[in-house]
Amino acid sequence: MNSISKYQFAALLLITDLFSLCCLRGGVSIVTLWGMLAGTAVQFLGAVCFAVQGGALKKWVQVFFLAYAVFCGGALFVSLWRTRDAIYIPYEESRGVWGCLMTAGLIALVCLYASSTGIKSVTRAAVIAAVLALLFLSVDLVSAVFNAEWRNVSLPQERGFLRELFRGFGLSVSLGSMAVWLDSVRGDKSCAVTVYFAAKAMAVTAVMLTVLPVVGGIMTLTDFPVITAAQLSQPFEAQRIDSLFLVVFSVLAVFSVSLQVMTGAYLLGELFPRFQRWRSLTVIVLMIGAAFVISQRELTAVRACAAIAALFIAPVGAKNPLPLAADRRGP
């Protein structure tokens with residue numbers, strides 16, 4: 001495995017979380033923010049336990065994370081399909097089965113190219129993509145702070161704290177990739193995990209503080225509050241930023257799916273060493289197939305249970321680490 005820095009590692013995982021937040025469905029409130037932050041704290045504790053233990057993953061854990069990567073990739077495709085009407089991609093042809101296949105095929109082609117360059121190249125590009133997304137989010141947040149109605153933040157919400165905590169786990173589709181690629185991070189693994197979860201907590205806070213004041217008054221009228229907030233919060237009087245959001249959204253989608261493809265292809269190679277060619281293509285086909293299977297189902301509970309399982313299986317399924325495994329560099 002190629003060595004990557006802790007910041008590249010954090011950026012790649014953070015992109016997936018940002019894309020999941022953009023595709024968030026249903027109403028949100030200040031309770032949503034507390035629930036997601038609490039979920040992030042729990043995930044951080046579990047990840048630190050795995051990082052301190054160190055070592056690679058056992059075979060049966062690799063099988064689980066391969067299935068988890070295929071499921072998460074399928075869930076990401078479903079999220080993209082569900083939001084296509086809200087962000088208008090790729091226009092009229094995006095509807096129906098052929099529209100789903102066209103959208104998935106275009107994303108798959110880019111993901112195949114990205115995965116062929118290797119994890120090190122993708123993580124370098126991910127830093128630029130993450131900075132672009134965070135810059136857009138910062139501009140949107142500043143606009144929300146000065147122009148929105150802050151009384152909307154305190155609007156009541158039907159979902160309780162535990163339900164929002166559970167929903168936060170459901171949006172965390174990068175936990176499997178974190179466990180798989182953590183061993184390739186240079187230096188202190190615990191520090192890399194800390195950087196990632198700190199950035200995630202700040203991103204979640206920024207997104208929620210943008211959505212609540214902007215969309216709080218019309219929360220019942222929109223299915224995708226984050227997308228609606230990005231469309232309504234216009235920081236520039238003479239220029240709308242919808243096209244910029246579309247670019248950022250597309251970039252996040254490509255990197256999110258590419259991460260799952262690379263994770264699945266790597267695990268497929270570990271489980272079947274003789275299977276060297278077409279691994280990425282095989283994983284993408286499995287993901288698209290999984291997306292069609294789960295496309296008509298509500299995924300929140302399933303995704304949350306899968307994320308919780310991934311969080312607790314990783315430390316249990318790690319091989320006995322070598323001395324000072326936390327400081328061991330990848331080849």
# chains A, B, ... in the order shown; residues from 1 in each chain; ligands from 1
call {"tool": "closest_atom_pairs", "arguments": {"of": "range 184-252 of chain A", "to": "range 100-111 of chain A", "cutoff": "12 Å", "atoms": "only C-alpha atoms", "output": "Markdown table"}}
result
| residue | atom | partner | partner_atom | distance |
| --- | --- | --- | --- | --- |
| A:Ser250 | CA | A:Ile107 | CA | 9.0 |
| A:Val251 | CA | A:Ile107 | CA | 10.0 |
| A:Leu252 | CA | A:Ile107 | CA | 11.1 |
call {"tool": "closest_atom_pairs", "arguments": {"of": "range 55-122 of chain A", "to": "range 288-312 of chain A", "cutoff": "10 Å", "atoms": "only C-alpha atoms", "output": "CSV"}}
result
residue,atom,partner,partner_atom,distance
A:Val61,CA,A:Ala310,CA,9.2
A:Phe64,CA,A:Ala310,CA,8.3
A:Phe65,CA,A:Ala310,CA,7.5
A:Tyr68,CA,A:Ala306,CA,7.4
A:Val70,CA,A:Ala290,CA,7.2
A:Phe71,CA,A:Ala290,CA,6.4
A:Cys72,CA,A:Arg303,CA,7.9
A:Gly73,CA,A:Ala291,CA,7.8
A:Gly74,CA,A:Ala291,CA,4.1
A:Ala75,CA,A:Ala291,CA,6.1
A:Leu76,CA,A:Ala291,CA,8.1
A:Phe77,CA,A:Ala291,CA,6.1
A:Val78,CA,A:Ser295,CA,5.6
A:Ser79,CA,A:Ser295,CA,8.7
A:Trp81,CA,A:Ser295,CA,8.7
A:Arg82,CA,A:Ser295,CA,8.8
A:Val97,CA,A:Phe292,CA,9.2
A:Cys100,CA,A:Phe292,CA,9.0
A:Leu101,CA,A:Ile288,CA,8.3
A:Ala104,CA,A:Ile288,CA,7.1
A:Gly105,CA,A:Ile288,CA,8.9
A:Ala108,CA,A:Ile288,CA,9.1
call {"tool": "write_last_selection", "arguments": {"atoms": "N, CA and C atoms", "output": "short mmCIF file (atom, residue, chain, number, x, y, z; two decimals), in the first residue's frame"}}
result
data_model
loop_
_atom_site.label_atom_id
_atom_site.label_comp_id
_atom_site.auth_asym_id
_atom_site.auth_seq_id
_atom_site.Cartn_x
_atom_site.Cartn_y
_atom_site.Cartn_z
N VAL A 61 -12.57 -10.08 8.23
CA VAL A 61 -12.91 -8.66 8.31
C VAL A 61 -12.80 -8.02 6.92
N PHE A 64 -15.99 -8.66 5.19
CA PHE A 64 -17.03 -7.76 5.66
C PHE A 64 -16.88 -6.37 5.04
N PHE A 65 -15.67 -5.84 5.05
CA PHE A 65 -15.47 -4.49 4.53
C PHE A 65 -15.60 -4.43 3.00
N TYR A 68 -19.21 -4.18 2.69
CA TYR A 68 -19.59 -2.85 3.17
C TYR A 68 -19.27 -1.79 2.12
N VAL A 70 -19.15 -2.24 -1.15
CA VAL A 70 -20.12 -2.40 -2.23
C VAL A 70 -21.46 -1.79 -1.83
N PHE A 71 -21.88 -2.04 -0.58
CA PHE A 71 -23.14 -1.48 -0.10
C PHE A 71 -23.08 0.05 -0.05
N CYS A 72 -21.99 0.60 0.48
CA CYS A 72 -21.86 2.06 0.57
C CYS A 72 -21.80 2.69 -0.81
N GLY A 73 -21.09 2.05 -1.74
CA GLY A 73 -21.06 2.58 -3.09
C GLY A 73 -22.44 2.58 -3.72
N GLY A 74 -23.19 1.49 -3.51
CA GLY A 74 -24.56 1.45 -4.00
C GLY A 74 -25.43 2.52 -3.36
N ALA A 75 -25.26 2.74 -2.05
CA ALA A 75 -26.03 3.78 -1.35
C ALA A 75 -25.68 5.17 -1.89
N LEU A 76 -24.42 5.39 -2.25
CA LEU A 76 -24.03 6.68 -2.81
C LEU A 76 -24.67 6.91 -4.18
N PHE A 77 -24.73 5.85 -4.99
CA PHE A 77 -25.41 5.97 -6.28
C PHE A 77 -26.90 6.29 -6.08
N VAL A 78 -27.53 5.62 -5.11
CA VAL A 78 -28.94 5.89 -4.82
C VAL A 78 -29.13 7.34 -4.38
N SER A 79 -28.22 7.84 -3.54
CA SER A 79 -28.31 9.24 -3.10
C SER A 79 -28.19 10.18 -4.29
N TRP A 81 -28.99 9.49 -7.43
CA TRP A 81 -30.21 9.39 -8.23
C TRP A 81 -31.36 10.16 -7.58
N ARG A 82 -31.46 10.11 -6.27
CA ARG A 82 -32.57 10.77 -5.59
C ARG A 82 -32.47 12.28 -5.63
N VAL A 97 -35.01 4.27 -15.70
CA VAL A 97 -33.91 3.31 -15.56
C VAL A 97 -32.72 3.70 -16.41
N CYS A 100 -30.84 6.46 -14.82
CA CYS A 100 -30.01 5.97 -13.72
C CYS A 100 -28.73 5.33 -14.25
N LEU A 101 -28.90 4.51 -15.30
CA LEU A 101 -27.73 3.85 -15.86
C LEU A 101 -26.77 4.85 -16.48
N ALA A 104 -24.99 6.67 -13.58
CA ALA A 104 -24.03 5.76 -12.96
C ALA A 104 -22.87 5.47 -13.89
N GLY A 105 -23.17 5.34 -15.19
CA GLY A 105 -22.09 5.05 -16.15
C GLY A 105 -21.09 6.18 -16.27
N ALA A 108 -19.09 6.16 -13.20
CA ALA A 108 -18.23 4.98 -13.18
C ALA A 108 -16.98 5.17 -14.05
#
call {"tool": "select_by_dssp", "arguments": {"residues": "range 61-260 of chain A", "states": "helix (DSSP H, G or I)", "output": "PyMOL selection string"}}
result
chain A and resi 61-87+91-94+96-116+119-147+150-154+161-170+175-184+189-221+225-232+242-260
call {"tool": "atom_distance", "arguments": {"atom1": "CA of Ala41 in chain A", "atom2": "CA of Gln8 in chain A"}}
result
21.1 Å
call {"tool": "closest_atom_pairs", "arguments": {"of": "range 16-99 of chain A", "to": "range 207-218 of chain A", "cutoff": "10 Å", "atoms": "only C-alpha atoms", "output": "JSON lines"}}
result
{"residue": "A:Leu18", "atom": "CA", "partner": "A:Val207", "partner_atom": "CA", "distance": 8.8}
{"residue": "A:Leu21", "atom": "CA", "partner": "A:Val207", "partner_atom": "CA", "distance": 7.9}
{"residue": "A:Cys22", "atom": "CA", "partner": "A:Val207", "partner_atom": "CA", "distance": 8.7}
{"residue": "A:Gly27", "atom": "CA", "partner": "A:Gly216", "partner_atom": "CA", "distance": 8.6}
{"residue": "A:Val28", "atom": "CA", "partner": "A:Leu212", "partner_atom": "CA", "distance": 7.3}
{"residue": "A:Ser29", "atom": "CA", "partner": "A:Leu212", "partner_atom": "CA", "distance": 6.5}
{"residue": "A:Ile30", "atom": "CA", "partner": "A:Leu212", "partner_atom": "CA", "distance": 7.6}
{"residue": "A:Thr32", "atom": "CA", "partner": "A:Met208", "partner_atom": "CA", "distance": 8.0}
{"residue": "A:Leu33", "atom": "CA", "partner": "A:Met208", "partner_atom": "CA", "distance": 6.3}
{"residue": "A:Trp34", "atom": "CA", "partner": "A:Met208", "partner_atom": "CA", "distance": 10.0}
{"residue": "A:Met36", "atom": "CA", "partner": "A:Met208", "partner_atom": "CA", "distance": 9.8}
call {"tool": "write_last_selection", "arguments": {"atoms": "N, CA and C atoms", "output": "CSV table (one decimal), in the first residue's frame"}}
result
chain,number,residue,atom,x,y,z
A,18,LEU,N,-19.1,15.0,3.4
A,18,LEU,CA,-19.7,16.2,2.8
A,18,LEU,C,-20.8,15.8,1.8
A,21,LEU,N,-23.8,14.6,3.5
A,21,LEU,CA,-24.6,15.7,4.1
A,21,LEU,C,-25.4,16.4,3.0
A,22,CYS,N,-24.8,16.6,1.9
A,22,CYS,CA,-25.5,17.3,0.8
A,22,CYS,C,-26.8,16.5,0.4
A,27,GLY,N,-36.4,16.7,7.5
A,27,GLY,CA,-36.2,17.9,8.2
A,27,GLY,C,-35.0,17.8,9.2
A,28,VAL,N,-34.4,19.0,9.5
A,28,VAL,CA,-33.4,19.0,10.5
A,28,VAL,C,-33.7,20.1,11.5
A,29,SER,N,-33.0,20.1,12.6
A,29,SER,CA,-33.2,21.1,13.7
A,29,SER,C,-31.9,21.1,14.5
A,30,ILE,N,-31.8,21.9,15.5
A,30,ILE,CA,-30.6,22.0,16.3
A,30,ILE,C,-30.3,20.7,17.0
A,32,THR,N,-30.6,17.9,15.5
A,32,THR,CA,-29.8,17.2,14.5
A,32,THR,C,-28.3,17.4,14.6
A,33,LEU,N,-28.0,18.7,14.9
A,33,LEU,CA,-26.6,19.0,15.0
A,33,LEU,C,-26.0,18.3,16.2
A,34,TRP,N,-26.7,18.4,17.4
A,34,TRP,CA,-26.2,17.7,18.6
A,34,TRP,C,-26.1,16.2,18.4
A,36,MET,N,-25.6,14.6,15.6
A,36,MET,CA,-24.5,14.2,14.6
A,36,MET,C,-23.2,14.4,15.3
call {"tool": "atom_distance", "arguments": {"atom1": "CA of Asp223 in chain A", "atom2": "CA of Gly26 in chain A"}}
result
5.5 Å
call {"tool": "residues_around", "arguments": {"residues": "Gln43 in chain A", "least_positions_apart": "3", "cutoff": "12 Å", "atoms": "only C-alpha atoms", "output": "ChimeraX atom specification"}}
result
/A:36-40,46-50,165-166,168-176,178-179,193-194,196-198,200-201,304,307-312,314
call {"tool": "residues_around", "arguments": {"residues": "Thr263 in chain A", "least_positions_apart": "3", "cutoff": "7 Å", "atoms": "only C-alpha atoms", "output": "PyMOL selection string"}}
result
chain A and resi 69+177+259-260+266-267
call {"tool": "write_last_selection", "arguments": {"atoms": "all heavy atoms", "output": "tab-separated table (two decimals), in the first residue's frame"}}
result
chain	number	residue	atom	x	y	z
A	69	ALA	N	-18.13	-1.91	1.45
A	69	ALA	CA	-17.76	-0.95	0.40
A	69	ALA	C	-18.75	-1.02	-0.76
A	69	ALA	O	-19.15	0.02	-1.32
A	69	ALA	CB	-16.34	-1.22	-0.09
A	177	SER	N	-13.74	2.52	4.74
A	177	SER	CA	-12.53	2.95	4.04
A	177	SER	C	-11.49	3.46	5.03
A	177	SER	O	-10.28	3.27	4.82
A	177	SER	CB	-12.88	4.05	3.04
A	177	SER	OG	-13.78	3.58	2.06
A	259	LEU	N	-13.60	6.46	-3.80
A	259	LEU	CA	-13.05	5.92	-2.56
A	259	LEU	C	-13.58	4.52	-2.29
A	259	LEU	O	-12.82	3.61	-1.94
A	259	LEU	CB	-13.38	6.85	-1.39
A	259	LEU	CG	-12.97	6.34	0.00
A	259	LEU	CD1	-11.47	6.11	0.08
A	259	LEU	CD2	-13.44	7.31	1.08
A	260	GLN	N	-14.88	4.33	-2.46
A	260	GLN	CA	-15.46	3.01	-2.24
A	260	GLN	C	-14.96	2.01	-3.28
A	260	GLN	O	-14.74	0.84	-2.97
A	260	GLN	CB	-16.99	3.09	-2.27
A	260	GLN	CG	-17.59	4.06	-1.28
A	260	GLN	CD	-17.16	3.78	0.15
A	260	GLN	OE1	-17.04	2.63	0.57
A	260	GLN	NE2	-16.93	4.85	0.91
A	266	TYR	N	-9.11	-2.94	-3.71
A	266	TYR	CA	-7.96	-3.35	-2.90
A	266	TYR	C	-8.28	-4.61	-2.09
A	266	TYR	O	-7.49	-5.56	-2.05
A	266	TYR	CB	-7.56	-2.22	-1.96
A	266	TYR	CG	-6.57	-2.66	-0.90
A	266	TYR	CD1	-5.24	-2.88	-1.23
A	266	TYR	CD2	-6.97	-2.88	0.41
A	266	TYR	CE1	-4.33	-3.30	-0.27
A	266	TYR	CE2	-6.08	-3.30	1.37
A	266	TYR	CZ	-4.76	-3.51	1.02
A	266	TYR	OH	-3.86	-3.93	1.97
A	267	LEU	N	-9.45	-4.64	-1.47
A	267	LEU	CA	-9.83	-5.81	-0.67
A	267	LEU	C	-10.04	-7.03	-1.55
A	267	LEU	O	-9.71	-8.16	-1.14
A	267	LEU	CB	-11.10	-5.50	0.12
A	267	LEU	CG	-10.96	-4.46	1.23
A	267	LEU	CD1	-12.32	-4.12	1.82
A	267	LEU	CD2	-10.02	-4.95	2.32
call {"tool": "residues_around", "arguments": {"residues": "Ala126 in chain A", "least_positions_apart": "6", "cutoff": "9 Å", "atoms": "only C-alpha atoms", "output": "list in words"}}
result
Gln8, Phe9, Ala11, Leu12, Leu13, Ile15 and Phe255 of chain A
call {"tool": "write_last_selection", "arguments": {"atoms": "C-alpha atoms", "output": "PDB file, in the first residue's frame"}}
result
ATOM      1  CA  GLN A   8      -4.623  13.534   2.523  1.00  0.00           C
ATOM      2  CA  PHE A   9      -6.262  10.716   4.462  1.00  0.00           C
ATOM      3  CA  ALA A  11      -9.471  15.020   3.101  1.00  0.00           C
ATOM      4  CA  LEU A  12     -10.502  11.884   1.210  1.00  0.00           C
ATOM      5  CA  LEU A  13     -12.741  10.665   4.022  1.00  0.00           C
ATOM      6  CA  ILE A  15     -15.290  14.429   1.013  1.00  0.00           C
ATOM      7  CA  PHE A 255     -14.453  11.251  -5.127  1.00  0.00           C
TER       8      PHE A 255
END
call {"tool": "atom_distance", "arguments": {"atom1": "CA of Ser280 in chain A", "atom2": "CA of Lys59 in chain A"}}
result
19.5 Å
call {"tool": "closest_residue", "arguments": {"among": "A:Val261, A:Val185, A:Leu141, A:Leu80", "to": "Ser20 in chain A", "atoms": "only C-alpha atoms"}}
result
A:Leu80
call {"tool": "closest_residue", "arguments": {"among": "A:Val127, A:Trp181, A:Gln276, A:Ile313", "to": "Leu14 in chain A", "atoms": "only C-alpha atoms"}}
result
A:Val127
